[in-house]
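Novice: Here's a structure for you.
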Amino acid sequence: MALRACGLIIYRRLQPAPSSKVTDSIEYLLLQTSYGTHHWTPPKGHVDPGEDDLQTAFRETQEEAGLQASQLTLIEGYKKELHYPVRGKPKTVVYWLAEMKDCNTEIKLSEEHQAFQWLKLEDACKFAEYEDMRATLKEVHQFLCSKG
């Protein structure tokens with residue numbers, strides 16, 4: 001059976017400087033794992049029995065970043081499935097997009113992660129070492145820009 005994981009790509013909008021574009025004020029949340037290669041990733045995790053994908057995404061976000069569903073706004077119209085092999089088995093990761101309601105909300109990491117960063121798109125793409133994650137972040141950014 002293919003591995004399945006779900007998560008949220010979380011962003012916040014800072015107050016933009018008058019001279020900057022709206023999109024320059026968007027930052028993405030990435031967590032650094034405390035295991036393996038210490039890679040950077042949005043909060044995500046495996047689907048538990050009886051859960052639907054979106055429930056998993058919110059539960060994992062709460063476990064890994066300390067964020068409640070009530071602190072986030074799920075953005076309609078964006079959902080992304082990534083497919084890649086992990087240790088020779090196919091894995092599917094489904095991401096939704098969510099905005100922080102309050103950009104100053106504290107992030108509380110679990111022991112699965114050792115650090116977090118709020119990053120602008122360019123930096124987030126540097127931290128995300130997987131090409132499909134980079135492409136997804138860019139796609140999300142385009143999606144947000146097109147909404148204005």
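To be explicit about the labels: the chains of the structure tokens are called A, B, and onward in the order shown, and within each one the residues are counted from 1, while ligands get numbers from 1 in the order they are shown.
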Can you tell me, as a list in words, what residues are no more than 8 Å from segment 98-100 of chain A when counting only C-alpha atoms, ignoring any on the same chain fewer than 6 positions away?
Specialist: Leu8, Ile9, Ile10, Tyr11, Arg12, Arg13, Gln71, Leu72, Thr73, Leu74 and Ile75 of chain A
Novice: Would you output that residue set with all heavy atoms, as a JSON list (two decimals), in the first residue's frame?
Specialist:
[["chain", "number", "residue", "atom", "x", "y", "z"],
["A", 8, "LEU", "N", -0.31, 21.02, 5.62],
["A", 8, "LEU", "CA", -0.73, 22.36, 5.24],
["A", 8, "LEU", "C", 0.49, 23.19, 4.88],
["A", 8, "LEU", "O", 1.49, 23.18, 5.60],
["A", 8, "LEU", "CB", -1.44, 23.06, 6.40],
["A", 8, "LEU", "CG", -2.78, 22.48, 6.85],
["A", 8, "LEU", "CD1", -3.29, 23.23, 8.07],
["A", 8, "LEU", "CD2", -3.82, 22.53, 5.73],
["A", 9, "ILE", "N", 0.41, 23.89, 3.77],
["A", 9, "ILE", "CA", 1.38, 24.93, 3.48],
["A", 9, "ILE", "C", 0.82, 26.19, 4.14],
["A", 9, "ILE", "O", -0.26, 26.66, 3.77],
["A", 9, "ILE", "CB", 1.56, 25.11, 1.97],
["A", 9, "ILE", "CG1", 2.17, 23.83, 1.39],
["A", 9, "ILE", "CG2", 2.44, 26.33, 1.67],
["A", 9, "ILE", "CD1", 2.26, 23.80, -0.12],
["A", 10, "ILE", "N", 1.53, 26.66, 5.14],
["A", 10, "ILE", "CA", 1.03, 27.78, 5.95],
["A", 10, "ILE", "C", 1.79, 29.04, 5.59],
["A", 10, "ILE", "O", 3.02, 29.02, 5.47],
["A", 10, "ILE", "CB", 1.20, 27.45, 7.45],
["A", 10, "ILE", "CG1", 0.31, 26.25, 7.78],
["A", 10, "ILE", "CG2", 0.82, 28.66, 8.32],
["A", 10, "ILE", "CD1", 0.53, 25.69, 9.14],
["A", 11, "TYR", "N", 1.05, 30.12, 5.42],
["A", 11, "TYR", "CA", 1.71, 31.39, 5.14],
["A", 11, "TYR", "C", 1.10, 32.48, 6.01],
["A", 11, "TYR", "O", 0.03, 32.31, 6.60],
["A", 11, "TYR", "CB", 1.61, 31.75, 3.64],
["A", 11, "TYR", "CG", 0.23, 32.14, 3.20],
["A", 11, "TYR", "CD1", -0.14, 33.49, 3.12],
["A", 11, "TYR", "CD2", -0.71, 31.18, 2.85],
["A", 11, "TYR", "CE1", -1.41, 33.85, 2.70],
["A", 11, "TYR", "CE2", -1.98, 31.55, 2.43],
["A", 11, "TYR", "CZ", -2.33, 32.88, 2.37],
["A", 11, "TYR", "OH", -3.59, 33.23, 1.97],
["A", 12, "ARG", "N", 1.82, 33.56, 6.11],
["A", 12, "ARG", "CA", 1.30, 34.74, 6.80],
["A", 12, "ARG", "C", 1.61, 35.96, 5.95],
["A", 12, "ARG", "O", 2.55, 35.95, 5.15],
["A", 12, "ARG", "CB", 1.91, 34.89, 8.19],
["A", 12, "ARG", "CG", 3.40, 35.17, 8.18],
["A", 12, "ARG", "CD", 3.93, 35.27, 9.59],
["A", 12, "ARG", "NE", 5.35, 35.64, 9.59],
["A", 12, "ARG", "CZ", 6.08, 35.75, 10.69],
["A", 12, "ARG", "NH1", 5.56, 35.51, 11.87],
["A", 12, "ARG", "NH2", 7.35, 36.10, 10.62],
["A", 13, "ARG", "N", 0.79, 36.97, 6.11],
["A", 13, "ARG", "CA", 1.02, 38.23, 5.41],
["A", 13, "ARG", "C", 1.47, 39.26, 6.42],
["A", 13, "ARG", "O", 0.76, 39.52, 7.40],
["A", 13, "ARG", "CB", -0.26, 38.72, 4.75],
["A", 13, "ARG", "CG", -0.68, 37.94, 3.53],
["A", 13, "ARG", "CD", -1.96, 38.52, 2.96],
["A", 13, "ARG", "NE", -2.57, 37.60, 2.02],
["A", 13, "ARG", "CZ", -2.36, 37.64, 0.71],
["A", 13, "ARG", "NH1", -1.54, 38.52, 0.19],
["A", 13, "ARG", "NH2", -2.97, 36.78, -0.09],
["A", 71, "GLN", "N", -6.92, 28.90, 14.34],
["A", 71, "GLN", "CA", -5.95, 29.98, 14.12],
["A", 71, "GLN", "C", -5.58, 30.13, 12.65],
["A", 71, "GLN", "O", -4.77, 30.99, 12.29],
["A", 71, "GLN", "CB", -4.67, 29.70, 14.94],
["A", 71, "GLN", "CG", -4.93, 29.72, 16.44],
["A", 71, "GLN", "CD", -3.72, 29.26, 17.23],
["A", 71, "GLN", "OE1", -3.20, 28.16, 17.04],
["A", 71, "GLN", "NE2", -3.25, 30.11, 18.12],
["A", 72, "LEU", "N", -6.17, 29.29, 11.82],
["A", 72, "LEU", "CA", -5.83, 29.26, 10.40],
["A", 72, "LEU", "C", -7.07, 29.45, 9.54],
["A", 72, "LEU", "O", -8.17, 29.07, 9.94],
["A", 72, "LEU", "CB", -5.20, 27.90, 10.06],
["A", 72, "LEU", "CG", -3.92, 27.54, 10.80],
["A", 72, "LEU", "CD1", -3.63, 26.06, 10.67],
["A", 72, "LEU", "CD2", -2.76, 28.36, 10.28],
["A", 73, "THR", "N", -6.88, 30.02, 8.38],
["A", 73, "THR", "CA", -7.95, 30.12, 7.38],
["A", 73, "THR", "C", -7.56, 29.24, 6.21],
["A", 73, "THR", "O", -6.53, 29.47, 5.58],
["A", 73, "THR", "CB", -8.09, 31.57, 6.88],
["A", 73, "THR", "OG1", -8.36, 32.41, 8.00],
["A", 73, "THR", "CG2", -9.23, 31.69, 5.88],
["A", 74, "LEU", "N", -8.37, 28.21, 5.96],
["A", 74, "LEU", "CA", -8.09, 27.34, 4.82],
["A", 74, "LEU", "C", -8.45, 28.10, 3.55],
["A", 74, "LEU", "O", -9.52, 28.69, 3.45],
["A", 74, "LEU", "CB", -8.92, 26.06, 4.93],
["A", 74, "LEU", "CG", -8.50, 24.93, 4.01],
["A", 74, "LEU", "CD1", -7.13, 24.39, 4.39],
["A", 74, "LEU", "CD2", -9.52, 23.81, 4.04],
["A", 75, "ILE", "N", -7.54, 28.11, 2.58],
["A", 75, "ILE", "CA", -7.74, 28.87, 1.35],
["A", 75, "ILE", "C", -8.42, 27.97, 0.32],
["A", 75, "ILE", "O", -7.89, 26.93, -0.04],
["A", 75, "ILE", "CB", -6.39, 29.40, 0.80],
["A", 75, "ILE", "CG1", -5.67, 30.23, 1.87],
["A", 75, "ILE", "CG2", -6.61, 30.18, -0.48],
["A", 75, "ILE", "CD1", -6.41, 31.45, 2.36]]
Novice: Env of Asp53 of chain A: 9 Å cut, atoms = only C-alpha atoms, seq-sep filter 2 positions within chain, self excluded. Answer as a PyMOL selection string.
Specialist: chain A and resi 4-7+47+51+55-58+94
Novice: Using only C-alpha atoms, find the one residue out of A:His141, A:Lys147, A:Lys44, A:Lys126 that sits nearest to Glu63 of chain A.
Specialist: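 Counting only C-alpha atoms, the residue closest to Glu63 of chain A is A:Lys44.
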Novice: Rank A:Glu60, A:Asp48, A:Glu76, A:Asp102 by their smallest atom-to-atom distance to Gln15 of chain A, using only C-alpha atoms, and report the top residue only.
Specialist: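 Of the candidates, the smallest distance to Gln15 of chain A is held by A:Asp102.
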Novice: Please provide as a short mmCIF file (atom, residue, chain, number, x, y, z; two decimals) with N, CA, C and O atoms, in the first residue's frame all residues within 12 Å of segment 25-28 of chain A, with the sequence filter that same-chain residues fewer than 2 positions apart are discarded (counting only C-alpha atoms).
Specialist:
data_model
loop_
_atom_site.label_atom_id
_atom_site.label_comp_id
_atom_site.auth_asym_id
_atom_site.auth_seq_id
_atom_site.Cartn_x
_atom_site.Cartn_y
_atom_site.Cartn_z
N LEU A 8 -0.31 21.02 5.62
CA LEU A 8 -0.73 22.36 5.24
C LEU A 8 0.49 23.19 4.88
O LEU A 8 1.49 23.18 5.60
N ILE A 9 0.41 23.89 3.77
CA ILE A 9 1.38 24.93 3.48
C ILE A 9 0.82 26.19 4.14
O ILE A 9 -0.26 26.66 3.77
N ILE A 10 1.53 26.66 5.14
CA ILE A 10 1.03 27.78 5.95
C ILE A 10 1.79 29.04 5.59
O ILE A 10 3.02 29.02 5.47
N TYR A 11 1.05 30.12 5.42
CA TYR A 11 1.71 31.39 5.14
C TYR A 11 1.10 32.48 6.01
O TYR A 11 0.03 32.31 6.60
N ARG A 12 1.82 33.56 6.11
CA ARG A 12 1.30 34.74 6.80
C ARG A 12 1.61 35.96 5.95
O ARG A 12 2.55 35.95 5.15
N ARG A 13 0.79 36.97 6.11
CA ARG A 13 1.02 38.23 5.41
C ARG A 13 1.47 39.26 6.42
O ARG A 13 0.76 39.52 7.40
N LEU A 14 2.63 39.82 6.20
CA LEU A 14 3.11 40.90 7.06
C LEU A 14 2.55 42.21 6.52
O LEU A 14 2.11 42.28 5.38
N GLN A 15 2.58 43.23 7.34
CA GLN A 15 2.17 44.54 6.84
C GLN A 15 3.17 44.97 5.79
O GLN A 15 4.35 45.14 6.10
N PRO A 16 2.74 45.13 4.55
CA PRO A 16 3.73 45.49 3.52
C PRO A 16 4.18 46.94 3.67
O PRO A 16 3.41 47.79 4.09
N ALA A 17 5.42 47.15 3.33
CA ALA A 17 5.91 48.53 3.26
C ALA A 17 5.18 49.20 2.10
O ALA A 17 4.86 48.55 1.12
N PRO A 18 4.92 50.50 2.22
CA PRO A 18 4.13 51.18 1.17
C PRO A 18 4.71 50.98 -0.23
O PRO A 18 3.98 50.91 -1.21
N SER A 19 6.03 50.86 -0.32
CA SER A 19 6.66 50.77 -1.64
C SER A 19 6.69 49.34 -2.18
O SER A 19 7.04 49.12 -3.33
N SER A 20 6.36 48.36 -1.35
CA SER A 20 6.55 46.97 -1.79
C SER A 20 5.27 46.41 -2.39
O SER A 20 4.17 46.91 -2.14
N LYS A 21 5.42 45.33 -3.15
CA LYS A 21 4.27 44.64 -3.70
C LYS A 21 3.64 43.79 -2.60
O LYS A 21 4.31 43.37 -1.66
N VAL A 22 2.36 43.53 -2.74
CA VAL A 22 1.64 42.72 -1.75
C VAL A 22 2.34 41.38 -1.54
O VAL A 22 2.49 40.89 -0.43
N THR A 23 2.79 40.79 -2.65
CA THR A 23 3.37 39.45 -2.58
C THR A 23 4.69 39.43 -1.82
O THR A 23 5.11 38.38 -1.34
N LEU A 30 8.26 26.92 7.38
CA LEU A 30 8.92 25.63 7.18
C LEU A 30 9.49 25.16 8.51
O LEU A 30 9.99 25.95 9.30
N LEU A 31 9.39 23.85 8.74
CA LEU A 31 9.90 23.22 9.96
C LEU A 31 11.10 22.36 9.59
O LEU A 31 11.08 21.68 8.56
N TRP A 40 13.87 20.57 5.60
CA TRP A 40 12.84 21.58 5.91
C TRP A 40 11.58 21.24 5.14
O TRP A 40 11.63 20.93 3.96
N THR A 41 10.44 21.33 5.82
CA THR A 41 9.18 20.91 5.21
C THR A 41 8.02 21.63 5.89
O THR A 41 8.13 22.01 7.06
N PRO A 42 6.91 21.81 5.19
CA PRO A 42 5.70 22.25 5.88
C PRO A 42 5.24 21.15 6.84
O PRO A 42 5.64 19.99 6.69
N PRO A 43 4.41 21.49 7.83
CA PRO A 43 3.90 20.44 8.73
C PRO A 43 3.07 19.43 7.93
O PRO A 43 2.22 19.81 7.13
N LEU A 97 -3.61 24.75 1.48
CA LEU A 97 -3.02 26.05 1.75
C LEU A 97 -3.81 26.72 2.86
O LEU A 97 -5.05 26.72 2.83
N ALA A 98 -3.10 27.27 3.85
CA ALA A 98 -3.79 27.93 4.96
C ALA A 98 -3.04 29.19 5.36
O ALA A 98 -1.81 29.22 5.35
N GLU A 99 -3.82 30.21 5.71
CA GLU A 99 -3.23 31.48 6.13
C GLU A 99 -3.38 31.63 7.63
O GLU A 99 -4.41 31.30 8.21
N MET A 100 -2.33 32.13 8.26
CA MET A 100 -2.40 32.46 9.69
C MET A 100 -3.34 33.65 9.86
O MET A 100 -3.21 34.64 9.16
N CYS A 103 -0.54 36.99 12.38
CA CYS A 103 0.83 36.65 11.94
C CYS A 103 1.81 36.57 13.11
O CYS A 103 2.94 36.14 12.94
N PHE A 116 12.16 26.21 13.26
CA PHE A 116 11.21 26.65 12.24
C PHE A 116 11.65 28.02 11.75
O PHE A 116 12.40 28.72 12.41
N GLN A 117 11.20 28.35 10.55
CA GLN A 117 11.48 29.67 9.99
C GLN A 117 10.29 30.15 9.19
O GLN A 117 9.63 29.35 8.52
N TRP A 118 10.05 31.43 9.26
CA TRP A 118 9.13 32.09 8.33
C TRP A 118 10.00 32.65 7.21
O TRP A 118 10.92 33.42 7.47
N LEU A 119 9.71 32.24 5.99
CA LEU A 119 10.60 32.58 4.88
C LEU A 119 9.83 33.15 3.69
O LEU A 119 8.75 32.66 3.34
N LYS A 120 10.42 34.15 3.08
CA LYS A 120 9.88 34.64 1.81
C LYS A 120 10.12 33.57 0.76
O LYS A 120 10.94 32.68 0.94
N LEU A 121 9.40 33.67 -0.34
CA LEU A 121 9.41 32.61 -1.34
C LEU A 121 10.82 32.19 -1.75
O LEU A 121 11.15 31.01 -1.74
N GLU A 122 11.65 33.16 -2.07
CA GLU A 122 12.99 32.84 -2.56
C GLU A 122 13.79 32.03 -1.53
O GLU A 122 14.43 31.03 -1.85
N ASP A 123 13.72 32.45 -0.27
CA ASP A 123 14.45 31.74 0.79
C ASP A 123 13.80 30.38 1.06
O ASP A 123 14.50 29.39 1.29
N ALA A 124 12.48 30.34 1.05
CA ALA A 124 11.79 29.06 1.28
C ALA A 124 12.22 28.04 0.24
O ALA A 124 12.44 26.87 0.56
N CYS A 125 12.39 28.49 -1.00
CA CYS A 125 12.82 27.57 -2.06
C CYS A 125 14.26 27.11 -1.85
O CYS A 125 14.62 25.99 -2.20
N PHE A 127 15.60 26.65 1.17
CA PHE A 127 15.55 25.71 2.29
C PHE A 127 14.92 24.38 1.87
O PHE A 127 15.33 23.33 2.34
N ALA A 128 13.91 24.44 1.01
CA ALA A 128 13.22 23.21 0.57
C ALA A 128 14.09 22.51 -0.45
O ALA A 128 14.25 22.99 -1.56
N ARG A 134 9.82 22.84 -4.00
CA ARG A 134 10.12 24.19 -4.52
C ARG A 134 9.07 24.61 -5.53
O ARG A 134 8.56 25.72 -5.49
N THR A 136 6.07 23.52 -5.81
CA THR A 136 4.78 23.72 -5.13
C THR A 136 4.73 25.09 -4.47
O THR A 136 3.73 25.80 -4.57
N LEU A 137 5.81 25.49 -3.80
CA LEU A 137 5.85 26.81 -3.17
C LEU A 137 5.68 27.91 -4.22
O LEU A 137 4.94 28.88 -4.00
N LYS A 138 6.34 27.75 -5.35
CA LYS A 138 6.21 28.76 -6.41
C LYS A 138 4.79 28.80 -6.95
O LYS A 138 4.24 29.87 -7.23
N VAL A 140 2.05 27.94 -5.30
CA VAL A 140 1.23 28.58 -4.26
C VAL A 140 1.36 30.09 -4.35
O VAL A 140 0.37 30.82 -4.27
N HIS A 141 2.57 30.56 -4.54
CA HIS A 141 2.83 31.98 -4.59
C HIS A 141 2.09 32.62 -5.78
O HIS A 141 1.44 33.65 -5.64
N GLN A 142 2.18 31.94 -6.92
CA GLN A 142 1.44 32.41 -8.12
C GLN A 142 -0.05 32.46 -7.84
O GLN A 142 -0.74 33.39 -8.21
N LEU A 144 -1.57 32.78 -4.95
CA LEU A 144 -1.88 33.90 -4.04
C LEU A 144 -1.79 35.23 -4.77
O LEU A 144 -2.59 36.13 -4.54
N CYS A 145 -0.80 35.36 -5.65
CA CYS A 145 -0.64 36.62 -6.39
C CYS A 145 -1.84 36.85 -7.31
O CYS A 145 -2.27 37.98 -7.49
N GLY A 148 -4.70 38.39 -5.63
CA GLY A 148 -4.54 39.81 -5.29
C GLY A 148 -4.35 40.04 -3.84
O GLY A 148 -5.07 39.88 -2.95
#
Novice: Using Å and a single decimal, report how far atom CA of Tyr95 of chain A sits from atom CA of Lys80 of chain A.
Specialist: 5.2 Å
Novice: May I have all residues of chain A that DSSP, computed from the backbone, assigns to strand (DSSP E), given as a VMD selection string?
Specialist: chain A and resid 3 to 13 26 to 33 40 to 41 44 to 46 72 to 86 89 to 100 113 to 119
Novice: Can you spit out the residues from that selection as a PDB file, in the first residue's frame, using C-alpha atoms?
Specialist:
ATOM      1  CA  LEU A   3       2.275   5.687   1.982  1.00  0.00           C
ATOM      2  CA  ARG A   4      -0.020   8.669   2.346  1.00  0.00           C
ATOM      3  CA  ALA A   5       0.654  11.883   4.191  1.00  0.00           C
ATOM      4  CA  CYS A   6      -1.191  15.185   4.403  1.00  0.00           C
ATOM      5  CA  GLY A   7      -0.197  18.635   5.493  1.00  0.00           C
ATOM      6  CA  LEU A   8      -0.727  22.363   5.238  1.00  0.00           C
ATOM      7  CA  ILE A   9       1.383  24.931   3.484  1.00  0.00           C
ATOM      8  CA  ILE A  10       1.029  27.780   5.953  1.00  0.00           C
ATOM      9  CA  TYR A  11       1.708  31.392   5.135  1.00  0.00           C
ATOM     10  CA  ARG A  12       1.298  34.740   6.799  1.00  0.00           C
ATOM     11  CA  ARG A  13       1.019  38.229   5.405  1.00  0.00           C
ATOM     12  CA  ILE A  26       4.029  36.791   2.223  1.00  0.00           C
ATOM     13  CA  GLU A  27       6.132  34.393   4.321  1.00  0.00           C
ATOM     14  CA  TYR A  28       5.894  30.596   4.424  1.00  0.00           C
ATOM     15  CA  LEU A  29       6.337  28.406   7.484  1.00  0.00           C
ATOM     16  CA  LEU A  30       8.922  25.632   7.177  1.00  0.00           C
ATOM     17  CA  LEU A  31       9.899  23.225   9.959  1.00  0.00           C
ATOM     18  CA  GLN A  32      13.293  21.529  10.208  1.00  0.00           C
ATOM     19  CA  THR A  33      13.114  17.857  11.105  1.00  0.00           C
ATOM     20  CA  TRP A  40      12.844  21.577   5.913  1.00  0.00           C
ATOM     21  CA  THR A  41       9.183  20.907   5.213  1.00  0.00           C
ATOM     22  CA  LYS A  44       2.628  17.091   7.461  1.00  0.00           C
ATOM     23  CA  GLY A  45       2.203  13.491   8.545  1.00  0.00           C
ATOM     24  CA  HIS A  46       0.645  10.126   7.898  1.00  0.00           C
ATOM     25  CA  LEU A  72      -5.826  29.258  10.398  1.00  0.00           C
ATOM     26  CA  THR A  73      -7.946  30.116   7.384  1.00  0.00           C
ATOM     27  CA  LEU A  74      -8.094  27.343   4.815  1.00  0.00           C
ATOM     28  CA  ILE A  75      -7.744  28.869   1.350  1.00  0.00           C
ATOM     29  CA  GLU A  76     -10.359  27.616  -1.093  1.00  0.00           C
ATOM     30  CA  GLY A  77      -9.298  26.373  -4.467  1.00  0.00           C
ATOM     31  CA  TYR A  78      -5.806  25.074  -3.711  1.00  0.00           C
ATOM     32  CA  LYS A  79      -4.859  21.450  -3.172  1.00  0.00           C
ATOM     33  CA  LYS A  80      -1.687  19.778  -4.373  1.00  0.00           C
ATOM     34  CA  GLU A  81      -0.687  16.120  -4.534  1.00  0.00           C
ATOM     35  CA  LEU A  82       2.969  15.210  -4.707  1.00  0.00           C
ATOM     36  CA  HIS A  83       4.111  11.693  -5.570  1.00  0.00           C
ATOM     37  CA  TYR A  84       7.591  10.407  -4.890  1.00  0.00           C
ATOM     38  CA  PRO A  85       9.288   7.220  -3.711  1.00  0.00           C
ATOM     39  CA  VAL A  86      10.412   6.844  -0.099  1.00  0.00           C
ATOM     40  CA  LYS A  89       7.754   2.649  -1.828  1.00  0.00           C
ATOM     41  CA  PRO A  90       5.465   5.138  -3.534  1.00  0.00           C
ATOM     42  CA  LYS A  91       4.375   7.998  -1.306  1.00  0.00           C
ATOM     43  CA  THR A  92       1.617  10.531  -1.844  1.00  0.00           C
ATOM     44  CA  VAL A  93       1.592  13.810   0.047  1.00  0.00           C
ATOM     45  CA  VAL A  94      -1.449  16.065  -0.163  1.00  0.00           C
ATOM     46  CA  TYR A  95      -1.092  19.725   0.754  1.00  0.00           C
ATOM     47  CA  TRP A  96      -3.695  22.376   1.339  1.00  0.00           C
ATOM     48  CA  LEU A  97      -3.018  26.052   1.747  1.00  0.00           C
ATOM     49  CA  ALA A  98      -3.785  27.927   4.963  1.00  0.00           C
ATOM     50  CA  GLU A  99      -3.233  31.479   6.127  1.00  0.00           C
ATOM     51  CA  MET A 100      -2.395  32.458   9.689  1.00  0.00           C
ATOM     52  CA  HIS A 113      11.325  19.220  14.640  1.00  0.00           C
ATOM     53  CA  GLN A 114      14.238  21.247  15.936  1.00  0.00           C
ATOM     54  CA  ALA A 115      13.666  24.622  14.284  1.00  0.00           C
ATOM     55  CA  PHE A 116      11.211  26.649  12.242  1.00  0.00           C
ATOM     56  CA  GLN A 117      11.485  29.672   9.993  1.00  0.00           C
ATOM     57  CA  TRP A 118       9.133  32.092   8.332  1.00  0.00           C
ATOM     58  CA  LEU A 119      10.598  32.576   4.881  1.00  0.00           C
TER      59      LEU A 119
END
